[in-house]
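A quick write-up on the structure given underneath.
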Amino acid sequence: MTDRTEDIAVALFAEIFMADQLARSRIGRALPRGMELSHFTVLNHLARVGEERTPAQLARAFHVTRGAISNTLSRLEWAGYIHVRPDWDDARRKFVSISPSGRAARDAAVQAIAPMIAEAVTAIGPDRVRSILPVLRELRARLDTE
């Protein structure tokens, strides 16, 4: 790798890290009262996949420990946003699904953050944002396999 390529790589990741931090902060402030970003991401994932997941599958999907996902799931279950049921074939395993109130909370969160996200895309330009998406997806996929 040349010095120029390393400089580009460092600049790219510096921008990604800063954009991530700023986006998390702004989205966190826009979420409905009591909802944390980790709650929203789990609810959004469950709503998007549309089927049950095990805690281990969720931990892998978010690249977090089982302890971290268990904490988030406990809070979501306490709030009534998810249903946790045992696996009838293997009592050691559980399945998690989004509840109707969880879907409503996720939808309210999307409504709260959508204008902020749309404003950023409009300011940059939808065509410019659309053009960078394939590169970001490829970068994510490459990092996900490593």
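The chains in the structure tokens are called A, B, ... from first to last as shown; in each chain the residues are counted from 1, and the ligands are counted from 1 in the order shown.
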
| message | What's around segment 19-25 of chain A at 9 Å? Count only C-alpha atoms, leave out sequence neighbours fewer than 4 positions away in its own chain, and write the answer as a ChimeraX atom specification. | response | /A:14-15,29-30,37,117

Please identify all polymer residues within 8 Å of segment 79-92 of chain A, counting only C-alpha atoms, omitting same-chain residues fewer than 4 positions from it, and present them as a ChimeraX atom specification. /A:43,73,75,96-103,105

As a ChimeraX atom specification, please: every residue in segment 3-111 of chain A that DSSP puts in alpha helix (DSSP H). /A:3-30,37-49,55-62,66-78,100-111

So, with only C-alpha atoms as the atoms that count, which of A:Arg26, A:Val42, A:Ala47, A:Arg137 lies closest to Ala104 of chain A?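 That would be A:Ala47, the residue with the smallest distance to Ala104 of chain A.
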
| request: From a DSSP pass on the backbone, collect the residues of chain A flagged as strand (DSSP E) and hand them back as an MDAnalysis selection string. | output: chainID A and resid 82:86 94:98

(Q) When you count only C-alpha atoms, which of these residues is closest to Leu76 of chain A: A:Glu51, A:Glu36, A:Asp7, A:Asp127? (A)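 Of A:Glu51, A:Glu36, A:Asp7, A:Asp127, the one nearest Leu76 of chain A is A:Glu36, counting only C-alpha atoms.
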
**Message:** Please compute the atom CA of Asn44 of chain A-atom CA of Arg106 of chain A distance, one decimal, in Å.
**Reply:**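 Interatomic distance here is 6.2 Å.
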
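Atom CA of Ala9 of chain A is positioned 13.2 Å from atom CA of Leu136 of chain A.
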
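Coordinates place atom CA of Gly34 of chain A at a distance of 24.9 Å from atom CA of Ala56 of chain A.
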
Review point. Got a sec: who's within 10 Å of His45 of chain A, counting only C-alpha atoms, leaving out chain neighbours fewer than 4 positions off, as a list in words?
Key: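 So, after excluding close chain neighbours, the residues are His39, Phe40, Thr41, Val49, Gly50, Glu51, Arg53, Leu58, Ala61, Phe62, Ile98 and Arg106 of chain A.
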
Serialized selection, C-alpha atoms, as a PDB file, in the first residue's frame:
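Resulting contents of out-v1.pdb:
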```pdb
ATOM      1  CA  HIS A  39     -33.349  -0.043  21.329  1.00  0.00           C
ATOM      2  CA  PHE A  40     -34.259   1.555  18.027  1.00  0.00           C
ATOM      3  CA  THR A  41     -31.696  -0.434  16.059  1.00  0.00           C
ATOM      4  CA  VAL A  49     -36.471  -8.931   8.838  1.00  0.00           C
ATOM      5  CA  GLY A  50     -40.059  -9.706   9.805  1.00  0.00           C
ATOM      6  CA  GLU A  51     -39.289 -12.928  11.640  1.00  0.00           C
ATOM      7  CA  ARG A  53     -34.347 -14.051  15.847  1.00  0.00           C
ATOM      8  CA  LEU A  58     -29.006 -10.435  17.151  1.00  0.00           C
ATOM      9  CA  ALA A  61     -25.923  -8.937  13.560  1.00  0.00           C
ATOM     10  CA  PHE A  62     -24.883  -5.958  15.713  1.00  0.00           C
ATOM     11  CA  ILE A  98     -41.234  -7.436  17.760  1.00  0.00           C
ATOM     12  CA  ARG A 106     -40.235   1.886  15.981  1.00  0.00           C
TER      13      ARG A 106
END
```

> Which one is closest to Phe13 of chain A: A:Leu46, A:Phe95, A:Leu139, A:Asp144? Count only C-alpha atoms.
Replying inline: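 Ranking A:Leu46, A:Phe95, A:Leu139, A:Asp144 by distance to Phe13 of chain A, first place goes to A:Leu139.
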
- prompt: Within 10 Å of Arg130 of chain A, counting only C-alpha atoms, which residues qualify if same-chain residues fewer than 5 places away don't, as JSON, numbers by chain?
  reply: {"A": [121, 125, 135]}

Write out, as a PDB file, in the first residue's frame, the residues just selected, with C-alpha atoms.
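Result file is result-v5.pdb:
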```pdb
ATOM      1  CA  VAL A 121     -29.806  14.121   2.074  1.00  0.00           C
ATOM      2  CA  GLY A 125     -28.205  16.143  -3.002  1.00  0.00           C
ATOM      3  CA  VAL A 135     -19.160   2.209  -2.180  1.00  0.00           C
TER       4      VAL A 135
END
```
